[in-house]
Amino acid sequence: WAFEGFSDIDCCLETDQLVLLIEGKRTEGLGPSTDWYPKRNQLVRNLEVAESIASGREYAVMVLSEQDIGLLSEQILAESLPHFGPVDRDRLMCHYLGCITWADVCKTTNIPFSGLPGETRIVAETLRDRSAT
């Protein structure tokens, strides 16, 4: 059963030892809910997806966005994970690496921030194409 539908992960790096999911948000923020469950935060959902994909391997999730989104509040975690107790919520959140900004990525990769397109999909293609040269 896929009550929430399927996740569209912006970037998935997978090895025999690790799964890393990167949620890219160019100008929009994280989704505060899903259609199926209005209090289900997108980051929390991605953490559960990463855990499922990992099947026992190490896993982590990070966010790439305009501004640092910080940590999720205890209330958001509790509302997003009603099927988890506090210990399991903490265990899941230990796999959140945090947020890096587009400006920091551009600075590190020598890509002009002012030239980034407005859509995450196009930004990812731009970064991929430039790294191939």
# chains A, B, ... in the order shown; residues from 1 in each chain; ligands from 1
$ residues_around --residues "Thr27 (chain A)" --least-positions-apart "2" --cutoff "8 Å" --atoms "only C-alpha atoms" --output "compact mmCIF listing (two decimals) with N, CA, C and O atoms, in the first residue's frame"
# COMPACT_ATOMS: atom_id res chain seq x y z
N LYS A 25 15.63 22.34 -2.94
CA LYS A 25 14.57 23.35 -2.98
C LYS A 25 15.20 24.63 -3.49
O LYS A 25 16.01 25.25 -2.82
N GLY A 29 9.88 26.12 -0.42
CA GLY A 29 10.29 25.50 0.84
C GLY A 29 9.91 24.03 0.88
O GLY A 29 9.32 23.50 -0.07
N SER A 65 18.92 24.28 -0.16
CA SER A 65 17.89 25.30 -0.35
C SER A 65 18.47 26.71 -0.32
O SER A 65 19.67 26.89 -0.12
N GLU A 66 17.62 27.69 -0.53
CA GLU A 66 18.03 29.09 -0.54
C GLU A 66 18.54 29.53 0.83
O GLU A 66 19.53 30.24 0.93
N GLY A 118 15.66 29.10 -11.87
CA GLY A 118 14.69 29.09 -10.77
C GLY A 118 14.16 27.73 -10.39
O GLY A 118 13.55 27.58 -9.35
N GLU A 119 14.39 26.71 -11.20
CA GLU A 119 13.85 25.38 -10.90
C GLU A 119 14.97 24.43 -10.49
O GLU A 119 16.03 24.40 -11.12
$ residues_around --residues "region 88-103 of chain A" --least-positions-apart "3" --cutoff "7 Å" --atoms "only C-alpha atoms" --output "PyMOL selection string"
chain A and resi 47+59-70+77+84-85+106-107+113
$ select_by_dssp --residues "region 25-115 of chain A" --states "alpha helix (DSSP H)" --output "PyMOL selection string"
chain A and resi 42-54+74-80+86-93+102-109
$ residues_around --residues "Gly56 (chain A)" --least-positions-apart "3" --cutoff "12 Å" --atoms "only C-alpha atoms" --output "CSV table (one decimal) with N, CA, C and O atoms, in the first residue's frame"
chain,number,residue,atom,x,y,z
A,16,ASP,N,27.0,0.2,-1.8
A,16,ASP,CA,26.7,-1.0,-1.1
A,16,ASP,C,26.7,-0.8,0.4
A,16,ASP,O,26.2,-1.6,1.2
A,17,GLN,N,27.2,0.4,0.9
A,17,GLN,CA,27.2,0.7,2.3
A,17,GLN,C,26.4,1.9,2.7
A,17,GLN,O,26.1,2.1,3.9
A,18,LEU,N,25.9,2.7,1.8
A,18,LEU,CA,25.3,4.0,2.2
A,18,LEU,C,24.2,4.4,1.2
A,18,LEU,O,24.4,4.2,0.0
A,19,VAL,N,23.2,5.0,1.7
A,19,VAL,CA,22.2,5.7,0.9
A,19,VAL,C,22.1,7.2,1.4
A,19,VAL,O,21.9,7.4,2.6
A,50,ALA,N,14.5,7.1,3.1
A,50,ALA,CA,15.9,6.7,3.1
A,50,ALA,C,16.1,5.5,3.9
A,50,ALA,O,16.9,4.6,3.5
A,51,GLU,N,15.5,5.4,5.1
A,51,GLU,CA,15.6,4.3,6.0
A,51,GLU,C,15.2,3.0,5.3
A,51,GLU,O,15.8,1.9,5.3
A,52,SER,N,14.0,3.1,4.6
A,52,SER,CA,13.5,2.0,3.8
A,52,SER,C,14.4,1.5,2.7
A,52,SER,O,14.6,0.3,2.5
A,53,ILE,N,14.9,2.5,1.9
A,53,ILE,CA,15.7,2.2,0.8
A,53,ILE,C,17.0,1.5,1.3
A,53,ILE,O,17.6,0.6,0.7
A,59,TYR,N,22.4,5.4,6.3
A,59,TYR,CA,21.6,6.3,5.4
A,59,TYR,C,21.6,7.7,6.0
A,59,TYR,O,21.8,7.9,7.2
$ closest_residue --among "A:Gly24, A:Ser55, A:Val49, A:Leu30" --to "Val105 (chain A)" --atoms "only C-alpha atoms"
A:Gly24
$ select_by_dssp --residues "region 6-129 of chain A" --states "strand (DSSP E or B)" --output "PyMOL selection string"
chain A and resi 11-14+18-24+58-65+96-101
$ closest_residue --among "A:Ser73, A:Leu43, A:Arg26, A:Ala54" --to "Leu116 (chain A)" --atoms "only C-alpha atoms"
A:Arg26
